[in-house]
Amino acid sequence: MAIFLDQNARVIVQGITGGAGSFHARQMVQYGTRVVGGVTPGKGGTRLDDIPVFDTVRQAVAATGATATAIFVPAPFCKDAILEAVDAGIRLVVCITEGVPVLDMLAVKPIVDREGVRLIGPNCPGIISPGKAKIGIMPGHIHLPGHVGVISRSGTLTYEAVDQLTKLGIGQSTCIGIGGDPVQGTNFIDCLQAFAQDPDTRAVVLIGEIGGSAEEKAASWIREHMPDKPVVAFIAGQTAPPGRRMGHAGAIIAGGRGTAKEKIECLKDHGIDVAPTPADIGETLARRIGRVG
Amino acid sequence: MKIHEYQAKALLASFGVEVPRGELARTPEEARAAAQRLGGEVWVVKAQVHAGGRGKGGGILVCRSLDEVSDKAGRLLGRPLVTPQTGPKGRLVRKVYVEEGLAIARELYLGMILDRETRRIVIMASTEGGMEIEEVAARTPEKILKEYIDFSVGIQPFHVRNLAYGLGLAGETAKKAHRFITGLYRAFVEKDASLVEINPLVVTASGDLLALDAKMNFDDNALFRHKDVHALRDTDEEEPLEVRASQFDLSYIKLDGDIGNLVNGAGLAMATMDIIKHFGGEPANFLDVGGSADREKVKAAFEIILADRPKAILVNIFGGIMKCDTIADGVVAAAREVSLDVPLVVRLQGTHVEVGRRILSESGLPIITAETMREAAEKVVQASRGQIRAA
């Protein structure tokens with residue numbers, strides 16, 4: 001088992017003829033994801049390798065029975081692309097694009113929720129259930145099928161953590177990058193709820209960063225609802241100056257709140273082991289689940 | 001993106017928000033002429049810099065004669081203004097805003113931001129005008145009124161009534177509050193603001209409601225659809241290296257330490273700063289080259305880091321979309337063009353890592369390599385102290 005994504009997903013790529021879209025469509029196919037189509041308005045009827053391209057998501061769904069989408073369209077068009085996917089009946093929307101205006105997400109989020117669609121991102125690396133499928137831009141080869149769930153607000157830092165786990169022989173059930181924006185389709189608690197119910201996930205790695213209070217909320221949720229599965233965490237941004245956006249739109253210490261220090265203290269208070277450095281994430285988990293070395 | 005007070009006031013006025021009359025001046029003579037045109041007997045000369053706490057720093061001065069206006073403008077212009085938010089070096093004052101003085105009866109606070117947790121726009125109001133809202137929130141949270149606005153339906157009259165009556169406004173002033181607050185909300189959503197703060201919002205002796213100060217920040221990601229707002233950017237107020245980085249679409253923040261770093265991804269970049277600190281070093285910057293950096297962009301990033309004269313540089317790349325050979329190419333190209341006189345530690349991992357490492361080793365450059373993040377951080381801290389060198 002895995003959460004949100006398995007080998008049965010029938011995936012389309014919105015923006016498949018663009019540079020990033022075509023590159024990652026091929027990478028996903030190579031990983032074993034069932035990429036059944038692509039969408040680029042005006043390019044309907046063409047193909048990328050063996051993948052048929054359509055003008056609209058509705059046409060793509062009708063022809064391929066697609067259930068999931070990866071969005072690579074430029075940020076100004078993401079609101080439209082997400083809503084088009086929802087309207088066409090897609091159940092899992094993964095928006096990779098960075099730079100989506102936050103008010104666009106405010107408009108999109110209630111509709112996604114109302115329709116019961118799982119939106120991951122924007123501004124995220126996507127989701128991978130190792131050995132089954134990936135929808136996103138993460139390098140597939142660093143992953144190993146297994147029983148640890150990984151959730152993160154970051155991209156490359158997640159690869160770093162996964163790489164450490166894999167090198168220790170610890171596999172992953174599903175790894176989800178929820179994205180670095182202030183308004184996200186899926187948050188930590190959405191993922192934790194799914195991991196809690198997934199019999200195949202036995203422990204969770206949570207990678208947070210400065211800004212907002214998602215980590216604190218996750219900490220109290222974990223203590224209340226998931227006492228039986230060990231969780232370890234890392235928080236990036238201990239040296240970040242206040243009032244500055246550290247790359248991610250959501251990574252900012254505002255009004256003295258959202259610091260790494262307060263998040264780390266809160267996580268520890270809730271019984272969650274926090275890795276002292278980003279190089280210790282794998283070992284911290286190994287210790288916690290009793291698999292040192 | 002931040003803008004100046006005078007720009008925020010002009011923008012808000014176009015949405016029906018009432019502001020005092022004022023004019024911008026770049027010299028004492030201009031300030032005097034502005035005051036003369038505005039008329040009256042009292043003026044306020046206000047330093048225009050992108051920093052809060054200007055009042056505490058002596059950047060807002062009340063004047064009772066035209067001579068005093070030019071005198072005080074002269075004292076502000078061309079000098080750094082130090083406020084609690086600028087740091088000890090302060091900010092150079094290039095412009096002042098000259099405003100009519102008002103007969104103030106009450107000072108209130110009004111602010112608007114996106115609340116991440118409820119995903120609503122929250123309007124905050126308080127009777128404690130002129131004080132920092134964080135301070136009020138810490139000391140007397142009951143004095144802060146909050147109205148949460150659902151973005152899909154927008155601001156409703158009851159929100160305004162709750163705020164106006166909650167602030168003790170009555171009669172004509174309460175009616176004026178409606179125009180003021182709805183105008184502010186419209187400006188926020190139509191211009192993709194990320195913050196609007198009116199502190200203080202003043203009630204005059206005659207019952208008018210005006211924005212005595214105005215602060216507005218905007219969502220950088222939405223500037224593509226607001227050319228007018230983008231035109232208000234004042235790069236004089238930004239760190240020169242950060243301006244240069246933004247021209248190459250690099251996410252860069254200058255810090256006070258002496259170990260430069262070049263990383264792909266914001267989370268990994270923050271984590272790299274953290275681990276440098278953990279092993280006893282001080283990061284000189286945050287730099288995320290992004291996911292689609294080409295050779296030119298990497299070269300530019302490298303040059304920006306070197307311009308800050310670090311004692312050592314760490315390149316930490318986990319190749320996903322970004323391929324290690326691209327980074328290696330950029331590092332080698334930049335290192336050849338700039339006379340690299342500081343130790344360089346490079347740690348590559350991920351896509352095309354073998355090709356990347358080969359490019360580095362065949363370059364003949366004195367590069368210290370590392371396999372893991374821990375090794376890279378330890379080595380760069382040692383290298384910054386002259387304890388190790390490239391073989």
# chains A, B, ... in the order shown; residues from 1 in each chain; ligands from 1
$ closest_atom_pairs --of "chain B" --to "chain A" --cutoff "9 Å" --atoms "only C-alpha atoms" --output "JSON lines"
{"residue": "B:Leu114", "atom": "CA", "partner": "A:Val102", "partner_atom": "CA", "distance": 8.9}
{"residue": "B:Arg116", "atom": "CA", "partner": "A:Pro182", "partner_atom": "CA", "distance": 6.0}
{"residue": "B:Glu117", "atom": "CA", "partner": "A:Ser213", "partner_atom": "CA", "distance": 7.8}
{"residue": "B:Arg119", "atom": "CA", "partner": "A:Leu106", "partner_atom": "CA", "distance": 6.6}
{"residue": "B:Arg120", "atom": "CA", "partner": "A:Leu106", "partner_atom": "CA", "distance": 7.7}
{"residue": "B:Ile133", "atom": "CA", "partner": "A:Gly255", "partner_atom": "CA", "distance": 8.8}
{"residue": "B:Glu134", "atom": "CA", "partner": "A:Gly255", "partner_atom": "CA", "distance": 6.3}
{"residue": "B:Phe151", "atom": "CA", "partner": "A:Leu106", "partner_atom": "CA", "distance": 6.7}
{"residue": "B:Ser152", "atom": "CA", "partner": "A:Ala107", "partner_atom": "CA", "distance": 6.4}
{"residue": "B:Val189", "atom": "CA", "partner": "A:Leu103", "partner_atom": "CA", "distance": 7.6}
{"residue": "B:Asp192", "atom": "CA", "partner": "A:Leu103", "partner_atom": "CA", "distance": 6.9}
{"residue": "B:Ser194", "atom": "CA", "partner": "A:Val102", "partner_atom": "CA", "distance": 8.7}
{"residue": "B:Asp219", "atom": "CA", "partner": "A:Pro101", "partner_atom": "CA", "distance": 6.8}
{"residue": "B:Asp220", "atom": "CA", "partner": "A:Pro101", "partner_atom": "CA", "distance": 7.9}
{"residue": "B:Asn221", "atom": "CA", "partner": "A:Pro101", "partner_atom": "CA", "distance": 5.0}
{"residue": "B:Ala222", "atom": "CA", "partner": "A:Pro101", "partner_atom": "CA", "distance": 5.0}
{"residue": "B:Leu223", "atom": "CA", "partner": "A:Pro101", "partner_atom": "CA", "distance": 8.7}
{"residue": "B:Phe224", "atom": "CA", "partner": "A:Pro76", "partner_atom": "CA", "distance": 7.9}
{"residue": "B:Arg225", "atom": "CA", "partner": "A:Pro76", "partner_atom": "CA", "distance": 8.4}
{"residue": "B:Ser251", "atom": "CA", "partner": "A:Gly247", "partner_atom": "CA", "distance": 5.7}
{"residue": "B:Tyr252", "atom": "CA", "partner": "A:Gly247", "partner_atom": "CA", "distance": 7.8}
{"residue": "B:Ile253", "atom": "CA", "partner": "A:Met246", "partner_atom": "CA", "distance": 7.7}
{"residue": "B:Leu255", "atom": "CA", "partner": "A:Pro241", "partner_atom": "CA", "distance": 8.1}
{"residue": "B:Asn264", "atom": "CA", "partner": "A:Thr156", "partner_atom": "CA", "distance": 7.0}
{"residue": "B:Gly265", "atom": "CA", "partner": "A:Thr156", "partner_atom": "CA", "distance": 5.6}
{"residue": "B:Ala266", "atom": "CA", "partner": "A:Gly247", "partner_atom": "CA", "distance": 5.1}
{"residue": "B:Gly267", "atom": "CA", "partner": "A:Ser154", "partner_atom": "CA", "distance": 5.0}
{"residue": "B:Leu268", "atom": "CA", "partner": "A:Leu157", "partner_atom": "CA", "distance": 4.5}
{"residue": "B:Ala269", "atom": "CA", "partner": "A:Leu157", "partner_atom": "CA", "distance": 8.3}
{"residue": "B:Met270", "atom": "CA", "partner": "A:Gly237", "partner_atom": "CA", "distance": 5.0}
{"residue": "B:Ala271", "atom": "CA", "partner": "A:Ala236", "partner_atom": "CA", "distance": 5.0}
{"residue": "B:Thr272", "atom": "CA", "partner": "A:Pro278", "partner_atom": "CA", "distance": 7.8}
{"residue": "B:Met273", "atom": "CA", "partner": "A:Thr239", "partner_atom": "CA", "distance": 6.5}
{"residue": "B:Asp274", "atom": "CA", "partner": "A:Thr239", "partner_atom": "CA", "distance": 5.6}
{"residue": "B:Ile275", "atom": "CA", "partner": "A:Thr277", "partner_atom": "CA", "distance": 5.8}
{"residue": "B:Lys277", "atom": "CA", "partner": "A:Thr239", "partner_atom": "CA", "distance": 7.5}
{"residue": "B:His278", "atom": "CA", "partner": "A:Thr277", "partner_atom": "CA", "distance": 7.3}
{"residue": "B:Glu282", "atom": "CA", "partner": "A:Thr239", "partner_atom": "CA", "distance": 9.0}
{"residue": "B:Pro283", "atom": "CA", "partner": "A:Thr239", "partner_atom": "CA", "distance": 8.3}
{"residue": "B:Phe286", "atom": "CA", "partner": "A:Met246", "partner_atom": "CA", "distance": 7.5}
{"residue": "B:Leu287", "atom": "CA", "partner": "A:Gly247", "partner_atom": "CA", "distance": 8.3}
{"residue": "B:Asp288", "atom": "CA", "partner": "A:Gly247", "partner_atom": "CA", "distance": 6.9}
{"residue": "B:Ser292", "atom": "CA", "partner": "A:Ala20", "partner_atom": "CA", "distance": 8.7}
{"residue": "B:Ile317", "atom": "CA", "partner": "A:Thr156", "partner_atom": "CA", "distance": 8.4}
{"residue": "B:Phe318", "atom": "CA", "partner": "A:Thr156", "partner_atom": "CA", "distance": 6.0}
{"residue": "B:Gly319", "atom": "CA", "partner": "A:Thr156", "partner_atom": "CA", "distance": 7.7}
{"residue": "B:Gly320", "atom": "CA", "partner": "A:Pro139", "partner_atom": "CA", "distance": 5.2}
{"residue": "B:Ile321", "atom": "CA", "partner": "A:Ile137", "partner_atom": "CA", "distance": 6.4}
{"residue": "B:Gln349", "atom": "CA", "partner": "A:Glu160", "partner_atom": "CA", "distance": 8.7}
{"residue": "B:Gly350", "atom": "CA", "partner": "A:Pro139", "partner_atom": "CA", "distance": 7.3}
{"residue": "B:Thr351", "atom": "CA", "partner": "A:Pro139", "partner_atom": "CA", "distance": 7.0}
{"residue": "B:Thr372", "atom": "CA", "partner": "A:Ala279", "partner_atom": "CA", "distance": 7.7}
{"residue": "B:Met373", "atom": "CA", "partner": "A:Ala279", "partner_atom": "CA", "distance": 5.9}
{"residue": "B:Arg374", "atom": "CA", "partner": "A:Ala279", "partner_atom": "CA", "distance": 5.7}
$ write_last_selection --atoms "N, CA and C atoms" --output "compact mmCIF listing (two decimals), in the first residue's frame"
# COMPACT_ATOMS: atom_id res chain seq x y z
N LEU B 114 -2.97 38.06 4.78
CA LEU B 114 -3.53 36.74 4.54
C LEU B 114 -3.25 35.88 5.77
N ARG B 116 -2.71 32.37 6.99
CA ARG B 116 -2.39 31.09 6.35
C ARG B 116 -3.23 29.96 6.90
N GLU B 117 -3.53 30.02 8.19
CA GLU B 117 -4.22 28.89 8.81
C GLU B 117 -5.67 28.79 8.34
N ARG B 119 -6.86 30.44 5.73
CA ARG B 119 -6.88 30.77 4.32
C ARG B 119 -7.91 31.86 4.02
N ARG B 120 -7.96 32.84 4.90
CA ARG B 120 -8.82 34.00 4.70
C ARG B 120 -7.99 35.26 4.84
N ILE B 133 1.81 46.43 16.31
CA ILE B 133 0.71 45.50 16.55
C ILE B 133 1.18 44.25 17.29
N GLU B 134 2.43 43.85 17.04
CA GLU B 134 2.96 42.66 17.74
C GLU B 134 3.01 42.92 19.24
N PHE B 151 -12.52 34.86 0.82
CA PHE B 151 -12.09 35.46 -0.44
C PHE B 151 -13.15 35.30 -1.55
N SER B 152 -13.91 34.21 -1.52
CA SER B 152 -14.85 33.98 -2.62
C SER B 152 -16.05 34.92 -2.56
N VAL B 189 -7.00 43.11 -2.69
CA VAL B 189 -7.25 41.97 -3.59
C VAL B 189 -7.00 42.33 -5.06
N ASP B 192 -3.17 42.37 -5.54
CA ASP B 192 -2.42 41.24 -4.99
C ASP B 192 -1.43 41.68 -3.90
N SER B 194 0.22 41.66 -0.14
CA SER B 194 0.41 40.64 0.88
C SER B 194 0.26 41.26 2.27
N ASP B 219 2.59 40.58 -3.29
CA ASP B 219 2.97 39.21 -3.63
C ASP B 219 3.86 39.26 -4.88
N ASP B 220 5.13 38.93 -4.71
CA ASP B 220 6.07 38.97 -5.85
C ASP B 220 5.58 38.10 -7.01
N ASN B 221 4.92 37.00 -6.65
CA ASN B 221 4.47 36.06 -7.68
C ASN B 221 3.35 36.63 -8.55
N ALA B 222 2.72 37.72 -8.11
CA ALA B 222 1.60 38.28 -8.87
C ALA B 222 1.98 39.56 -9.61
N LEU B 223 3.24 39.97 -9.50
CA LEU B 223 3.64 41.24 -10.13
C LEU B 223 3.49 41.20 -11.64
N PHE B 224 3.50 39.99 -12.23
CA PHE B 224 3.37 39.90 -13.69
C PHE B 224 2.06 40.52 -14.17
N ARG B 225 1.04 40.56 -13.30
CA ARG B 225 -0.24 41.13 -13.75
C ARG B 225 -0.47 42.54 -13.23
N SER B 251 17.49 33.49 -6.23
CA SER B 251 16.97 33.84 -4.93
C SER B 251 18.16 33.98 -3.97
N TYR B 252 18.52 35.23 -3.65
CA TYR B 252 19.73 35.49 -2.88
C TYR B 252 19.44 36.46 -1.74
N ILE B 253 19.95 36.15 -0.57
CA ILE B 253 19.85 37.06 0.56
C ILE B 253 21.23 37.18 1.20
N LEU B 255 23.88 37.85 4.04
CA LEU B 255 23.92 37.71 5.49
C LEU B 255 25.28 38.22 5.99
N ASN B 264 20.99 24.39 -4.63
CA ASN B 264 19.76 24.33 -5.42
C ASN B 264 18.59 23.93 -4.52
N GLY B 265 17.57 24.77 -4.52
CA GLY B 265 16.40 24.52 -3.68
C GLY B 265 16.46 25.35 -2.42
N ALA B 266 15.32 25.97 -2.06
CA ALA B 266 15.30 26.87 -0.91
C ALA B 266 15.46 26.12 0.41
N GLY B 267 14.82 24.96 0.52
CA GLY B 267 14.90 24.20 1.76
C GLY B 267 16.32 23.70 2.01
N LEU B 268 16.94 23.18 0.96
CA LEU B 268 18.32 22.69 1.09
C LEU B 268 19.28 23.86 1.34
N ALA B 269 18.96 25.03 0.75
CA ALA B 269 19.81 26.21 0.97
C ALA B 269 19.76 26.65 2.43
N MET B 270 18.56 26.66 3.00
CA MET B 270 18.44 27.00 4.42
C MET B 270 19.16 25.97 5.28
N ALA B 271 18.96 24.69 4.93
CA ALA B 271 19.58 23.61 5.70
C ALA B 271 21.10 23.68 5.60
N THR B 272 21.61 24.11 4.45
CA THR B 272 23.06 24.25 4.28
C THR B 272 23.60 25.36 5.18
N MET B 273 22.87 26.48 5.23
CA MET B 273 23.27 27.55 6.16
C MET B 273 23.30 27.02 7.58
N ASP B 274 22.27 26.25 7.93
CA ASP B 274 22.16 25.72 9.30
C ASP B 274 23.33 24.81 9.65
N ILE B 275 23.72 23.96 8.70
CA ILE B 275 24.78 22.98 9.03
C ILE B 275 26.15 23.67 9.06
N LYS B 277 26.59 26.65 10.25
CA LYS B 277 26.54 27.23 11.60
C LYS B 277 26.78 26.14 12.66
N HIS B 278 26.16 24.97 12.43
CA HIS B 278 26.29 23.87 13.37
C HIS B 278 27.75 23.48 13.59
N GLU B 282 29.90 30.72 9.89
CA GLU B 282 28.80 31.68 9.75
C GLU B 282 28.49 31.84 8.26
N PRO B 283 27.26 31.54 7.84
CA PRO B 283 26.93 31.69 6.42
C PRO B 283 26.92 33.15 5.97
N PHE B 286 22.27 33.41 1.66
CA PHE B 286 21.33 32.37 1.22
C PHE B 286 21.32 32.48 -0.29
N LEU B 287 21.54 31.39 -0.99
CA LEU B 287 21.43 31.47 -2.45
C LEU B 287 20.87 30.17 -3.03
N ASP B 288 19.69 30.32 -3.61
CA ASP B 288 19.04 29.19 -4.28
C ASP B 288 19.11 29.46 -5.78
N SER B 292 16.01 25.33 -12.59
CA SER B 292 16.23 25.32 -14.04
C SER B 292 17.46 26.15 -14.41
N ILE B 317 24.87 20.76 -4.09
CA ILE B 317 23.84 20.49 -5.10
C ILE B 317 23.30 19.09 -4.96
N PHE B 318 21.98 18.98 -4.85
CA PHE B 318 21.36 17.68 -4.98
C PHE B 318 20.60 17.68 -6.28
N GLY B 319 21.15 17.04 -7.27
CA GLY B 319 20.58 17.11 -8.62
C GLY B 319 19.29 16.34 -8.74
N GLY B 320 18.23 17.06 -9.08
CA GLY B 320 16.97 16.44 -9.44
C GLY B 320 16.70 16.87 -10.86
N ILE B 321 15.99 18.00 -10.99
CA ILE B 321 15.83 18.61 -12.31
C ILE B 321 17.19 19.17 -12.74
N GLN B 349 25.54 15.62 -5.66
CA GLN B 349 24.81 14.37 -5.43
C GLN B 349 23.61 14.36 -6.37
N GLY B 350 23.21 13.19 -6.84
CA GLY B 350 22.00 13.09 -7.66
C GLY B 350 22.28 12.93 -9.14
N THR B 351 21.36 13.47 -9.96
CA THR B 351 21.38 13.24 -11.41
C THR B 351 22.70 13.67 -12.06
N THR B 372 29.28 13.88 1.34
CA THR B 372 28.06 14.08 2.12
C THR B 372 27.98 15.53 2.59
N MET B 373 26.79 15.89 3.06
CA MET B 373 26.57 17.24 3.53
C MET B 373 27.41 17.54 4.77
N ARG B 374 27.54 16.54 5.64
CA ARG B 374 28.32 16.75 6.86
C ARG B 374 29.79 17.01 6.51
$ select_by_dssp --residues "segment 44-287 of chain A" --states "helix (DSSP H, G or I)" --output "MDAnalysis selection string"
chainID A and resid 57:64 75:87 102:114 140:142 156:167 188:197 214:225 260:269 278:287
$ residues_around --residues "segment 298-309 of chain B" --least-positions-apart "3" --cutoff "6 Å" --atoms "only C-alpha atoms" --output "ChimeraX atom specification"
/B:260,295,330,334
$ write_last_selection --atoms "N, CA and C atoms" --output "PDB file, in the first residue's frame"
ATOM      1  N   GLY B 260      30.440  31.685   1.947  1.00  0.00           N
ATOM      2  CA  GLY B 260      29.450  31.790   0.882  1.00  0.00           C
ATOM      3  C   GLY B 260      28.913  30.420   0.537  1.00  0.00           C
ATOM      4  N   ARG B 295      24.001  27.292 -17.366  1.00  0.00           N
ATOM      5  CA  ARG B 295      25.398  27.599 -17.104  1.00  0.00           C
ATOM      6  C   ARG B 295      25.618  29.080 -16.776  1.00  0.00           C
ATOM      7  N   GLY B 330      29.113  25.434 -14.837  1.00  0.00           N
ATOM      8  CA  GLY B 330      28.989  26.826 -14.399  1.00  0.00           C
ATOM      9  C   GLY B 330      30.058  27.204 -13.399  1.00  0.00           C
ATOM     10  N   ALA B 334      32.895  30.054 -14.132  1.00  0.00           N
ATOM     11  CA  ALA B 334      32.996  31.240 -13.275  1.00  0.00           C
ATOM     12  C   ALA B 334      34.348  31.301 -12.587  1.00  0.00           C
TER      13      ALA B 334
END
$ residues_around --residues "Leu110 of chain B" --least-positions-apart "2" --cutoff "10 Å" --atoms "only C-alpha atoms" --output "ChimeraX atom specification"
/B:108,112,123-129,133,144-146,163,181,184,196-201,211,214
$ residues_around --residues "Ile368 of chain B" --least-positions-apart "3" --cutoff "10 Å" --atoms "only C-alpha atoms" --output "MDAnalysis selection string"
chainID B and resid 314 343:347 360:361 365 376 379:380 383 388:391
$ write_last_selection --atoms "C-alpha atoms" --output "compact mmCIF listing (two decimals), in the first residue's frame"
# COMPACT_ATOMS: atom_id res chain seq x y z
CA LEU B 314 30.45 25.80 -0.44
CA PRO B 343 38.92 27.82 -1.04
CA LEU B 344 36.02 26.16 -2.84
CA VAL B 345 34.28 23.08 -1.49
CA VAL B 346 31.92 21.28 -3.85
CA ARG B 347 29.49 18.57 -2.94
CA LEU B 360 35.44 19.29 -11.68
CA SER B 361 38.43 16.96 -11.39
CA LEU B 365 40.99 23.97 -10.43
CA ALA B 376 31.09 19.33 3.01
CA LYS B 379 35.50 20.97 5.21
CA VAL B 380 34.24 24.44 4.29
CA ALA B 383 38.90 25.81 4.77
CA ILE B 388 42.76 22.69 4.83
CA ARG B 389 43.46 23.28 1.15
CA ALA B 390 42.74 21.52 -2.10
CA ALA B 391 45.13 18.69 -2.84
